[in-house]
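Peer 1: For reference, this is data-v6.cif, and it has mmCIF, C-alpha atoms.
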data_structure
#
loop_
_atom_site.label_atom_id
_atom_site.label_comp_id
_atom_site.auth_asym_id
_atom_site.auth_seq_id
_atom_site.Cartn_x
_atom_site.Cartn_y
_atom_site.Cartn_z
CA MET K 1 146.34 71.36 133.55
CA THR K 2 146.87 69.37 136.76
CA ALA K 3 150.37 69.59 138.24
CA ALA K 4 152.50 66.46 137.93
CA PHE K 5 153.18 64.29 140.94
CA ASP K 6 156.63 64.85 142.42
CA TYR K 7 157.83 61.25 142.65
CA GLY K 8 161.44 62.39 142.90
CA GLY K 9 160.68 64.44 146.00
CA ARG K 10 158.67 61.63 147.54
CA LEU K 11 161.50 59.15 147.02
CA ALA K 12 164.01 61.62 148.47
CA ARG K 13 161.94 61.85 151.66
CA LEU K 14 161.75 58.06 151.74
CA ILE K 15 165.52 57.74 151.41
CA ASP K 16 165.88 60.09 154.40
CA ARG K 17 163.93 57.52 156.40
CA LEU K 18 166.64 54.90 155.80
CA ALA K 19 169.10 56.72 158.04
CA ALA K 20 166.41 57.72 160.52
CA GLU K 21 165.31 54.09 160.92
CA ASP K 22 168.85 52.67 160.63
CA VAL K 23 167.96 50.21 157.86
CA ASP K 24 169.58 49.26 154.54
CA ALA K 25 166.30 49.05 152.67
CA LEU K 26 162.57 49.59 153.00
CA LEU K 27 160.12 46.94 151.82
CA ILE K 28 156.86 48.65 150.86
CA THR K 29 153.83 46.38 150.51
CA LYS K 30 150.85 48.62 151.32
CA ALA K 31 149.07 49.42 148.05
CA ALA K 32 148.51 53.11 148.82
CA ASN K 33 152.19 53.61 149.64
CA VAL K 34 153.28 51.68 146.54
CA THR K 35 151.17 54.06 144.47
CA TYR K 36 152.32 57.17 146.31
CA LEU K 37 156.02 56.38 145.89
CA SER K 38 156.06 54.85 142.42
CA GLY K 39 152.89 55.81 140.55
CA PHE K 40 151.98 52.15 140.02
CA ARG K 41 148.28 51.46 140.63
CA GLY K 42 147.95 47.69 140.41
CA ASP K 43 148.02 45.12 143.19
CA SER K 44 150.18 42.12 144.22
CA THR K 45 153.26 44.34 144.06
CA ALA K 46 156.09 45.37 146.37
CA LEU K 47 158.78 48.04 146.32
CA ILE K 48 162.30 47.53 147.66
CA VAL K 49 164.09 50.84 148.11
CA GLY K 50 167.61 51.57 149.33
CA LYS K 51 170.00 54.46 148.93
CA ASN K 52 171.23 53.19 145.55
CA PHE K 53 168.42 50.96 144.32
CA ARG K 54 164.71 51.09 143.58
CA ARG K 55 163.03 47.81 142.66
CA LEU K 56 159.38 47.15 141.81
CA VAL K 57 158.42 43.48 142.04
CA THR K 58 155.26 42.37 140.26
CA ASP K 59 153.88 39.60 138.05
CA GLY K 60 153.15 39.22 134.35
CA ARG K 61 149.72 40.81 134.56
CA TYR K 62 151.25 44.16 135.46
CA VAL K 63 154.58 44.30 133.66
CA GLU K 64 153.45 46.68 130.92
CA GLN K 65 151.44 48.81 133.34
CA ALA K 66 154.35 49.07 135.77
CA ARG K 67 156.74 49.97 132.98
CA ARG K 68 154.48 52.88 132.01
CA GLN K 69 153.52 54.07 135.50
CA ALA K 70 156.65 53.51 137.60
CA LYS K 71 159.44 54.96 135.51
CA ASN K 72 161.69 55.66 138.50
CA PHE K 73 161.90 51.95 139.38
CA ALA K 74 163.74 48.94 137.99
CA LEU K 75 161.09 46.35 137.12
CA VAL K 76 161.47 42.83 138.53
CA LYS K 77 159.07 40.21 137.19
CA GLN K 78 158.12 37.34 139.46
CA THR K 79 156.74 34.02 138.18
CA GLU K 80 156.87 31.82 141.30
CA GLY K 81 155.28 34.05 143.95
CA LEU K 82 155.77 37.57 145.23
CA ASN K 83 157.29 36.59 148.56
CA LYS K 84 159.82 34.26 146.96
CA LYS K 85 161.00 36.99 144.59
CA ILE K 86 161.21 39.52 147.45
CA VAL K 87 163.51 37.12 149.29
CA GLU K 88 165.68 36.68 146.19
CA GLU K 89 165.97 40.43 145.70
CA ILE K 90 166.86 41.15 149.33
CA LYS K 91 169.55 38.46 149.18
CA SER K 92 170.96 39.76 145.91
CA LEU K 93 171.08 43.31 147.26
CA GLY K 94 172.97 42.20 150.37
CA CYS K 95 170.56 43.86 152.81
CA ARG K 96 171.04 43.10 156.51
CA LYS K 97 168.51 45.52 158.05
CA VAL K 98 165.13 45.91 156.33
CA GLY K 99 162.22 48.10 157.31
CA ILE K 100 158.78 46.57 156.80
CA GLU K 101 155.27 48.00 157.13
CA GLY K 102 154.42 46.07 160.26
CA LEU K 103 150.93 47.53 160.59
CA VAL K 104 149.81 45.97 157.30
CA MET K 105 152.10 42.98 156.69
CA THR K 106 150.42 39.68 157.50
CA VAL K 107 151.77 37.35 160.16
CA ALA K 108 152.23 34.69 157.47
CA GLN K 109 154.30 36.96 155.22
CA HIS K 110 156.45 38.11 158.12
CA ALA K 111 157.05 34.53 159.24
CA TYR K 112 158.05 33.52 155.70
CA LEU K 113 160.54 36.37 155.39
CA GLN K 114 162.09 35.56 158.75
CA LYS K 115 162.39 31.88 157.85
CA GLU K 116 163.93 32.50 154.42
CA LEU K 117 166.14 35.41 155.53
CA PRO K 118 167.46 34.34 158.96
CA ASN K 119 170.40 36.75 158.76
CA VAL K 120 168.23 39.81 158.10
CA ASP K 121 166.90 42.01 160.90
CA PHE K 122 163.39 43.25 160.18
CA LYS K 123 162.08 46.44 161.76
CA SER K 124 158.54 47.75 161.66
CA VAL K 125 158.33 51.28 160.22
CA GLU K 126 155.42 53.65 159.68
CA LEU K 127 155.38 55.18 156.20
CA ASP K 128 151.82 56.53 156.04
CA THR K 129 153.04 59.78 157.61
CA LEU K 130 154.75 60.57 154.29
CA ARG K 131 151.30 61.04 152.75
CA GLN K 132 149.68 63.29 155.36
CA VAL K 133 150.51 66.67 153.82
CA LYS K 134 149.20 66.86 150.27
CA ASP K 135 151.06 68.55 147.43
CA ALA K 136 149.46 70.72 144.74
CA ALA K 137 148.78 67.78 142.41
CA GLU K 138 147.12 65.75 145.15
CA ILE K 139 144.93 68.66 146.22
CA ALA K 140 143.88 69.26 142.61
CA ASN K 141 142.83 65.63 142.18
CA ILE K 142 140.89 65.60 145.46
CA ARG K 143 139.16 68.83 144.43
CA ARG K 144 138.10 67.12 141.20
CA ALA K 145 136.80 64.09 143.11
CA CYS K 146 134.84 66.45 145.37
CA LYS K 147 133.34 68.28 142.40
CA ILE K 148 132.18 64.98 140.92
CA ALA K 149 130.48 64.07 144.20
CA ASP K 150 128.85 67.50 144.45
CA ASP K 151 127.47 67.29 140.93
CA ALA K 152 126.14 63.78 141.57
CA PHE K 153 124.38 64.97 144.73
CA ALA K 154 122.56 67.66 142.75
CA LYS K 155 121.29 64.97 140.38
CA ILE K 156 120.25 62.42 143.01
CA LEU K 157 117.81 64.83 144.64
CA ASP K 158 115.41 64.16 141.76
CA VAL K 159 115.55 60.42 142.48
CA ILE K 160 114.80 60.45 146.22
CA ARG K 161 111.08 60.00 146.80
CA PRO K 162 108.67 57.62 148.56
CA ASP K 163 108.74 53.95 147.48
CA VAL K 164 112.20 54.17 145.92
CA THR K 165 114.60 51.81 147.68
CA GLU K 166 117.90 52.73 149.26
CA LEU K 167 119.61 50.38 146.81
CA ASP K 168 118.00 52.21 143.88
CA ILE K 169 119.28 55.53 145.19
CA ALA K 170 122.78 54.15 145.77
CA ALA K 171 122.89 52.67 142.26
CA GLN K 172 121.79 55.92 140.65
CA LEU K 173 124.23 57.96 142.74
CA GLU K 174 127.12 55.71 141.71
CA TYR K 175 126.00 55.85 138.09
CA PHE K 176 125.96 59.64 138.15
CA MET K 177 129.47 59.74 139.63
CA ARG K 178 130.75 57.34 136.97
CA ARG K 179 129.21 59.43 134.19
CA LEU K 180 130.81 62.53 135.71
CA GLY K 181 134.29 60.99 135.65
CA SER K 182 134.73 58.91 138.81
CA GLU K 183 136.91 55.82 138.37
CA LYS K 184 135.01 54.01 141.13
CA THR K 185 133.27 54.79 144.37
CA ALA K 186 135.58 56.00 147.11
CA PHE K 187 134.00 53.46 149.51
CA THR K 188 130.76 51.52 149.92
CA THR K 189 127.97 54.03 149.35
CA ILE K 190 125.81 54.66 152.41
CA VAL K 191 122.11 55.36 151.95
CA ALA K 192 120.23 55.07 155.24
CA SER K 193 116.63 56.19 155.59
CA GLY K 194 114.06 56.51 158.36
CA TRP K 195 115.04 54.57 161.47
CA ARG K 196 118.11 53.26 159.61
CA SER K 197 119.59 56.76 159.44
CA SER K 198 120.65 56.22 163.06
CA LEU K 199 123.18 53.67 161.76
CA PRO K 200 126.41 55.62 161.10
CA HIS K 201 127.54 53.07 158.49
CA GLY K 202 124.14 51.98 157.22
CA ALA K 203 124.97 50.66 153.76
CA ALA K 204 122.02 50.70 151.34
CA THR K 205 119.34 48.00 151.62
CA ASP K 206 116.07 47.17 149.89
CA LYS K 207 114.17 49.32 152.41
CA LYS K 208 111.78 51.69 150.66
CA ILE K 209 111.81 55.41 151.37
CA SER K 210 108.73 56.68 153.21
CA ALA K 211 107.27 60.16 153.60
CA GLY K 212 108.80 61.84 156.63
CA ASP K 213 112.08 59.91 156.46
CA PHE K 214 115.48 61.40 156.99
CA VAL K 215 117.75 60.05 154.25
CA THR K 216 121.47 60.15 154.93
CA LEU K 217 123.79 59.79 151.94
CA ASP K 218 127.50 59.25 152.59
CA PHE K 219 129.46 58.76 149.39
CA GLY K 220 132.52 59.75 147.44
CA ALA K 221 134.18 59.69 144.04
CA THR K 222 137.68 58.65 143.00
CA PHE K 223 139.71 60.66 140.51
CA ASN K 224 143.22 59.63 139.48
CA GLY K 225 143.36 57.45 142.58
CA TYR K 226 142.33 60.19 145.02
CA ARG K 227 139.10 60.11 147.01
CA SER K 228 136.39 62.48 148.17
CA ASP K 229 134.04 62.03 151.12
CA ILE K 230 130.76 63.85 151.62
CA THR K 231 127.61 63.30 153.67
CA ARG K 232 124.32 65.09 153.33
CA THR K 233 121.04 64.34 155.10
CA VAL K 234 117.73 65.33 153.52
CA CYS K 235 114.12 64.94 154.60
CA VAL K 236 111.40 63.43 152.42
CA GLY K 237 108.55 65.84 153.03
CA LYS K 238 108.36 68.47 155.73
CA ALA K 239 110.62 67.87 158.72
CA SER K 240 109.11 67.51 162.16
CA ILE K 241 110.09 69.86 164.98
CA GLU K 242 112.40 67.23 166.50
CA GLN K 243 113.99 66.43 163.12
CA ARG K 244 114.73 70.07 162.52
CA LYS K 245 116.11 70.48 166.03
CA ILE K 246 118.56 67.62 165.52
CA TYR K 247 119.50 68.82 162.06
CA ASP K 248 120.17 72.36 163.23
CA ALA K 249 122.36 71.09 166.09
CA VAL K 250 124.48 69.01 163.71
CA LEU K 251 124.70 71.82 161.18
CA ASP K 252 125.86 74.22 163.90
CA ALA K 253 128.50 71.74 165.08
CA GLN K 254 129.72 71.11 161.55
CA ALA K 255 130.01 74.84 160.84
CA TYR K 256 131.90 75.29 164.11
CA GLY K 257 134.28 72.54 163.05
CA LEU K 258 135.08 74.44 159.87
CA GLN K 259 135.94 77.49 161.96
CA ILE K 260 138.37 75.72 164.29
CA ILE K 261 140.07 73.21 161.97
CA THR K 262 143.32 75.09 161.45
CA ALA K 263 147.01 74.33 161.27
CA GLY K 264 148.68 74.05 164.66
CA LYS K 265 145.77 72.50 166.56
CA SER K 266 145.65 68.89 167.70
CA GLY K 267 143.19 66.30 166.46
CA LYS K 268 141.99 65.63 170.01
CA ASP K 269 141.36 69.29 170.81
CA ILE K 270 139.33 69.91 167.66
CA ASP K 271 137.21 66.82 168.25
CA ALA K 272 136.64 67.80 171.88
CA ALA K 273 135.55 71.33 171.01
CA VAL K 274 132.94 70.18 168.47
CA ARG K 275 131.79 67.43 170.83
CA GLU K 276 131.20 70.06 173.54
CA ARG K 277 129.10 72.01 171.05
CA LEU K 278 126.76 69.04 170.58
CA GLU K 279 126.73 68.35 174.32
CA ALA K 280 125.58 71.91 174.94
CA ALA K 281 122.73 71.33 172.48
CA GLY K 282 121.71 68.20 174.40
CA TYR K 283 122.99 65.62 171.90
CA GLY K 284 126.48 64.78 173.12
CA GLU K 285 125.67 61.16 173.98
CA PHE K 286 124.39 60.58 170.45
CA PHE K 287 127.66 61.56 168.74
CA VAL K 288 129.30 58.15 168.68
CA HIS K 289 132.33 58.52 166.42
CA GLY K 290 135.26 60.84 165.83
CA LEU K 291 134.87 64.17 164.10
CA GLY K 292 137.01 63.32 161.09
CA HIS K 293 139.83 61.55 159.33
CA GLY K 294 142.38 62.15 156.63
CA VAL K 295 141.44 61.57 152.97
CA GLY K 296 143.72 60.87 150.02
CA LEU K 297 144.70 57.66 148.27
CA GLU K 298 142.76 55.95 151.06
CA ILE K 299 139.37 57.00 152.33
CA HIS K 300 140.48 56.72 155.94
CA GLU K 301 144.04 57.78 156.65
CA GLU K 302 145.98 59.93 159.07
CA PRO K 303 145.51 62.41 160.63
CA ARG K 304 142.44 61.66 162.73
CA LEU K 305 140.23 64.17 164.51
CA SER K 306 139.05 62.07 167.44
CA ARG K 307 139.46 61.26 171.11
CA LEU K 308 142.17 58.78 170.12
CA SER K 309 143.99 61.01 167.64
CA LYS K 310 147.79 60.81 167.60
CA CYS K 311 148.03 64.08 165.68
CA GLU K 312 149.51 66.69 168.00
CA ARG K 313 149.52 69.40 165.37
CA LEU K 314 147.66 69.75 162.09
CA LEU K 315 149.73 71.07 159.21
CA SER K 316 148.70 73.27 156.30
CA GLY K 317 148.04 71.05 153.29
CA MET K 318 146.47 68.19 155.19
CA ILE K 319 143.03 67.12 154.00
CA VAL K 320 140.52 65.87 156.57
CA THR K 321 136.80 65.43 157.00
CA ASP K 322 134.50 67.42 159.30
CA GLU K 323 131.56 65.12 160.01
CA PRO K 324 129.65 65.42 163.28
CA GLY K 325 126.52 63.33 163.61
CA VAL K 326 123.62 62.61 165.92
CA TYR K 327 122.13 59.11 165.93
CA VAL K 328 118.97 58.35 167.92
CA GLU K 329 117.97 54.68 167.93
CA ASN K 330 114.45 53.96 166.59
CA PHE K 331 114.12 57.58 165.47
CA GLY K 332 116.83 58.40 162.96
CA GLY K 333 119.99 60.37 162.58
CA VAL K 334 121.76 63.22 160.85
CA ARG K 335 125.33 63.51 159.63
CA ILE K 336 126.76 66.42 157.65
CA GLU K 337 130.26 66.03 156.24
CA ASP K 338 132.70 67.95 154.10
CA THR K 339 136.14 67.10 152.83
CA VAL K 340 138.25 70.09 153.89
CA LEU K 341 141.71 71.48 153.25
CA VAL K 342 143.66 72.52 156.34
CA THR K 343 145.26 75.95 156.07
CA ASP K 344 146.85 78.41 158.48
CA ALA K 345 143.48 80.14 158.60
CA GLN K 346 139.96 78.68 158.51
CA ALA K 347 139.55 75.31 156.80
CA GLN K 348 138.50 75.34 153.14
CA PRO K 349 135.59 73.00 152.31
CA LEU K 350 136.34 71.15 149.07
CA THR K 351 132.82 69.69 148.93
CA ARG K 352 130.36 72.48 148.26
CA SER K 353 126.86 70.95 148.19
CA PRO K 354 124.23 72.96 150.11
CA LYS K 355 123.87 72.15 153.82
CA THR K 356 120.62 73.91 154.71
CA LEU K 357 117.97 71.26 155.33
CA ILE K 358 116.48 70.11 152.04
CA GLU K 359 112.85 68.97 152.27
CA LEU K 360 111.95 67.02 149.16
#
Take the structure from the file and write it as structure tokens.
Peer 2:
Amino acid sequence: MTAAFDYGGRLARLIDRLAAEDVDALLITKAANVTYLSGFRGDSTALIVGKNFRRLVTDGRYVEQARRQAKNFALVKQTEGLNKKIVEEIKSLGCRKVGIEGLVMTVAQHAYLQKELPNVDFKSVELDTLRQVKDAAEIANIRRACKIADDAFAKILDVIRPDVTELDIAAQLEYFMRRLGSEKTAFTTIVASGWRSSLPHGAATDKKISAGDFVTLDFGATFNGYRSDITRTVCVGKASIEQRKIYDAVLDAQAYGLQIITAGKSGKDIDAAVRERLEAAGYGEFFVHGLGHGVGLEIHEEPRLSRLSKCERLLSGMIVTDEPGVYVENFGGVRIEDTVLVTDAQAQPLTRSPKTLIEL
């Protein structure tokens, strides 16, 4: 049985942020953070949290759902607009300093709050860091999402063949994941074949698969709100010498990434080391994105493994991707990606589909 989410512990860490940020309350509006802190999984909802109060503001569509999912919060129903009710609650609570999620709050919402609450000082705070290290329940749910994706990949191999379109493959892949227990796709499914496989985010089109094509599939499942992320590249027919050379270089880089993704290292250093591996193989200029990103309630979250990473030190329990790629315009591309658990030793891949080149 999956461990229960520790909402009490999460809220305790949030309360600690009040003193650290010198605010009376935190206004949480980002959906992933609302879910993480309360358990509520709807939209159009905000949390207002102080040392002695926990309010969840939502509308009539979600009252019953919120009552069932967010048992640690007092439910506040709004009927005349979310922002108006937030203002009323902040006034009634007597807050003078309020932390807001400045990276996600719209300019319009911020302007409204300032206009209606002229005596309140608003301060931008960053709460996503609370979610970076996953607990046992989160890891278990991500493992399940990874298993669903792995099982769907095994099934889709029988579908990929000449004259089938990328859209057909994407539809079947998503169907398999749904049948296997996925709530929804973790993100827009990528199926990119032939010359289109050089597009890192080549969402599926009506292009038909041809013999000799690389086909890159980047997809993920969602289980209990938590995502998985996996990429595999296969070849329809026997791979050419150049295709195999590119594939082997990416596979080597991806395997090297698994060796060096460990607690204590920085996101920049890990990215740089894998990038050097591809440069040594002659493909450095064709690796055009970062090595990886965090995965959890969002498909892209902190920490990042990239040239621009702000993560100075990975921690055990973080979950990131390891996804080097080579993309050659008018030829094709290869990406191989696992969702991995950071530990004090070598990273643990949570996606387990085979990575040796599959020639269909």
Peer 1: Which neighbours of region 291-294 of chain K fall inside 6 Å, counting all atoms listed in the file, when residues of the same chain fewer than 2 positions from it are skipped, and could you give them as a list of chain:residue names?
Peer 2: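 Contacts, with the query itself left out: K:Asp271, K:His300, K:Glu301, K:Glu302, K:Pro303, K:Arg304, K:Leu305, K:Ser306, K:Ile319, K:Val320, K:Thr321, K:Asp322, K:Glu323, K:Pro324.
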Peer 1: Show which residues sit within 7 Å of region 5-16 of chain K, as a list in words. Count all atoms listed in the file, and ignore same-chain residues fewer than 4 positions away.
Peer 2: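 Using all atoms listed in the file, the neighbours found are Ala20, Leu37, Ser38, Gly50, Lys51 and Ala137 of chain K.
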Peer 1: Write out as a short mmCIF file (atom, residue, chain, number, x, y, z; two decimals) with C-alpha atoms, in the frame of the given file each polymer residue whose atoms come within 12 Å of Gln254 (chain K), counting only C-alpha atoms; drop sequence neighbours fewer than 3 positions from it.
Peer 2:
data_model
loop_
_atom_site.label_atom_id
_atom_site.label_comp_id
_atom_site.auth_asym_id
_atom_site.auth_seq_id
_atom_site.Cartn_x
_atom_site.Cartn_y
_atom_site.Cartn_z
CA THR K 231 127.61 63.30 153.67
CA ARG K 232 124.32 65.09 153.33
CA TYR K 247 119.50 68.82 162.06
CA ASP K 248 120.17 72.36 163.23
CA ALA K 249 122.36 71.09 166.09
CA VAL K 250 124.48 69.01 163.71
CA LEU K 251 124.70 71.82 161.18
CA GLY K 257 134.28 72.54 163.05
CA LEU K 258 135.08 74.44 159.87
CA GLN K 259 135.94 77.49 161.96
CA ILE K 260 138.37 75.72 164.29
CA ILE K 261 140.07 73.21 161.97
CA ILE K 270 139.33 69.91 167.66
CA ASP K 271 137.21 66.82 168.25
CA ALA K 273 135.55 71.33 171.01
CA VAL K 274 132.94 70.18 168.47
CA ARG K 275 131.79 67.43 170.83
CA ARG K 277 129.10 72.01 171.05
CA LEU K 278 126.76 69.04 170.58
CA LEU K 291 134.87 64.17 164.10
CA GLY K 292 137.01 63.32 161.09
CA THR K 321 136.80 65.43 157.00
CA ASP K 322 134.50 67.42 159.30
CA GLU K 323 131.56 65.12 160.01
CA PRO K 324 129.65 65.42 163.28
CA GLY K 325 126.52 63.33 163.61
CA VAL K 326 123.62 62.61 165.92
CA VAL K 334 121.76 63.22 160.85
CA ARG K 335 125.33 63.51 159.63
CA ILE K 336 126.76 66.42 157.65
CA GLU K 337 130.26 66.03 156.24
CA ASP K 338 132.70 67.95 154.10
CA THR K 339 136.14 67.10 152.83
CA VAL K 340 138.25 70.09 153.89
CA ALA K 347 139.55 75.31 156.80
CA PRO K 349 135.59 73.00 152.31
CA LYS K 355 123.87 72.15 153.82
CA THR K 356 120.62 73.91 154.71
#
Peer 1: Spell out the residues picked by the PyMOL selection byres ((chain K and resi 223-225) around 7) here, as a list in words.
Peer 2: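 Checking the PyMOL selection byres ((chain K and resi 223-225) around 7) against this file, the residues are Asn141, Arg144, Ala145, Ser182, Glu183, Ala221, Thr222, Tyr226, Arg227 and Leu297 of chain K.
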Peer 1: Could those residues be written to a file, using C-alpha atoms, as a short mmCIF file (atom, residue, chain, number, x, y, z; two decimals), in the frame of the given file?
Peer 2:
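The resulting out_23.cif:
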data_model
loop_
_atom_site.label_atom_id
_atom_site.label_comp_id
_atom_site.auth_asym_id
_atom_site.auth_seq_id
_atom_site.Cartn_x
_atom_site.Cartn_y
_atom_site.Cartn_z
CA ASN K 141 142.83 65.63 142.18
CA ARG K 144 138.10 67.12 141.20
CA ALA K 145 136.80 64.09 143.11
CA SER K 182 134.73 58.91 138.81
CA GLU K 183 136.91 55.82 138.37
CA ALA K 221 134.18 59.69 144.04
CA THR K 222 137.68 58.65 143.00
CA TYR K 226 142.33 60.19 145.02
CA ARG K 227 139.10 60.11 147.01
CA LEU K 297 144.70 57.66 148.27
#
Peer 1: Could you expand the PyMOL selection byres ((chain K and resi 185) around 12) into the explicit residues it covers here, written as a PyMOL selection string?
Peer 2: chain K and resi 145-146+148-149+152+170-171+173-184+186-190+218-223+225-230+298-299
Peer 1: CA of Thr45 (chain K) to CA of Met105 (chain K): how many Å, to one decimal?
Peer 2: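 Distance reported for this atom pair: 12.8 Å.
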Peer 1: Would you translate the PyMOL selection byres ((chain K and resi 30-32) around 10) into the concrete set of residues it matches in this file, as a PyMOL selection string?
Peer 2: chain K and resi 27-29+33-37+39-47+100-105+127-128+131+225+296-298
Peer 1: Keeping only C-alpha atoms, write those residues as a short mmCIF file (atom, residue, chain, number, x, y, z; two decimals), keeping the file's coordinate frame.
Peer 2:
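Written out: out14.cif:
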data_model
loop_
_atom_site.label_atom_id
_atom_site.label_comp_id
_atom_site.auth_asym_id
_atom_site.auth_seq_id
_atom_site.Cartn_x
_atom_site.Cartn_y
_atom_site.Cartn_z
CA LEU K 27 160.12 46.94 151.82
CA ILE K 28 156.86 48.65 150.86
CA THR K 29 153.83 46.38 150.51
CA ASN K 33 152.19 53.61 149.64
CA VAL K 34 153.28 51.68 146.54
CA THR K 35 151.17 54.06 144.47
CA TYR K 36 152.32 57.17 146.31
CA LEU K 37 156.02 56.38 145.89
CA GLY K 39 152.89 55.81 140.55
CA PHE K 40 151.98 52.15 140.02
CA ARG K 41 148.28 51.46 140.63
CA GLY K 42 147.95 47.69 140.41
CA ASP K 43 148.02 45.12 143.19
CA SER K 44 150.18 42.12 144.22
CA THR K 45 153.26 44.34 144.06
CA ALA K 46 156.09 45.37 146.37
CA LEU K 47 158.78 48.04 146.32
CA ILE K 100 158.78 46.57 156.80
CA GLU K 101 155.27 48.00 157.13
CA GLY K 102 154.42 46.07 160.26
CA LEU K 103 150.93 47.53 160.59
CA VAL K 104 149.81 45.97 157.30
CA MET K 105 152.10 42.98 156.69
CA LEU K 127 155.38 55.18 156.20
CA ASP K 128 151.82 56.53 156.04
CA ARG K 131 151.30 61.04 152.75
CA GLY K 225 143.36 57.45 142.58
CA GLY K 296 143.72 60.87 150.02
CA LEU K 297 144.70 57.66 148.27
CA GLU K 298 142.76 55.95 151.06
#
Peer 1: If you measure from CA of Trp195 (chain K) to CA of Gln172 (chain K), what distance in Å do you get, rounded to one decimal?
Peer 2: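 Calculated distance between CA of Trp195 (chain K) and CA of Gln172 (chain K) is 21.9 Å.
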Peer 1: Would you list the contacts of Phe73 (chain K) as a list of chain:residue names, taking every protein, DNA or RNA residue within 8 Å and counting all atoms listed in the file, but skipping same-chain residues closer than 3 positions in sequence?
Peer 2: K:Ser38, K:Arg54, K:Arg55, K:Leu56, K:Ala70
Peer 1: Please produce a file of those selected residues containing C-alpha atoms, as a JSON list (two decimals), in the coordinates of the input.
Peer 2:
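Listed below is the output, selection.json:
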[["chain", "number", "residue", "atom", "x", "y", "z"],
["K", 38, "SER", "CA", 156.06, 54.85, 142.42],
["K", 54, "ARG", "CA", 164.71, 51.09, 143.58],
["K", 55, "ARG", "CA", 163.03, 47.81, 142.66],
["K", 56, "LEU", "CA", 159.38, 47.15, 141.81],
["K", 70, "ALA", "CA", 156.65, 53.51, 137.60]]
Peer 1: So that I can see what lies close to Ser210 (chain K), please list as a ChimeraX atom specification the residues with an atom at most 12 Å from it, counting all atoms listed in the file and leaving out residues fewer than 3 positions away in the same chain.
Peer 2: /K:160-166,192-196,207,213-215,235-237,360
Peer 1: If you measure from CA of Lys123 (chain K) to CA of Val49 (chain K), what distance in Å do you get, rounded to one decimal?
Peer 2: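 According to the coordinates, CA of Lys123 (chain K) and CA of Val49 (chain K) are separated by 14.5 Å.
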Peer 1: From the block you just saw, export region 10-22 of chain K: N, CA and C atoms, as a short mmCIF file (atom, residue, chain, number, x, y, z; two decimals), in the first residue's frame.
Peer 2:
data_model
loop_
_atom_site.label_atom_id
_atom_site.label_comp_id
_atom_site.auth_asym_id
_atom_site.auth_seq_id
_atom_site.Cartn_x
_atom_site.Cartn_y
_atom_site.Cartn_z
N ARG K 10 4.36 19.04 5.54
CA ARG K 10 4.50 20.05 4.49
C ARG K 10 4.04 21.42 5.01
N LEU K 11 2.93 21.44 5.72
CA LEU K 11 2.43 22.70 6.26
C LEU K 11 3.37 23.26 7.32
N ALA K 12 3.99 22.39 8.09
CA ALA K 12 4.94 22.85 9.11
C ALA K 12 6.12 23.55 8.45
N ARG K 13 6.61 22.98 7.35
CA ARG K 13 7.72 23.62 6.63
C ARG K 13 7.28 24.95 6.02
N LEU K 14 6.01 25.01 5.59
CA LEU K 14 5.50 26.26 5.05
C LEU K 14 5.40 27.33 6.13
N ILE K 15 4.93 26.94 7.30
CA ILE K 15 4.83 27.89 8.41
C ILE K 15 6.20 28.46 8.77
N ASP K 16 7.24 27.61 8.68
CA ASP K 16 8.60 28.09 8.94
C ASP K 16 8.99 29.22 7.99
N ARG K 17 8.42 29.19 6.79
CA ARG K 17 8.74 30.22 5.80
C ARG K 17 8.17 31.58 6.19
N LEU K 18 7.11 31.60 7.00
CA LEU K 18 6.52 32.87 7.41
C LEU K 18 7.56 33.74 8.11
N ALA K 19 8.25 33.15 9.09
CA ALA K 19 9.27 33.91 9.82
C ALA K 19 10.45 34.23 8.92
N ALA K 20 10.84 33.27 8.09
CA ALA K 20 11.99 33.47 7.21
C ALA K 20 11.74 34.61 6.23
N GLU K 21 10.51 34.75 5.77
CA GLU K 21 10.17 35.79 4.79
C GLU K 21 9.62 37.05 5.46
N ASP K 22 9.42 37.00 6.78
CA ASP K 22 8.88 38.13 7.53
C ASP K 22 7.53 38.57 6.98
#
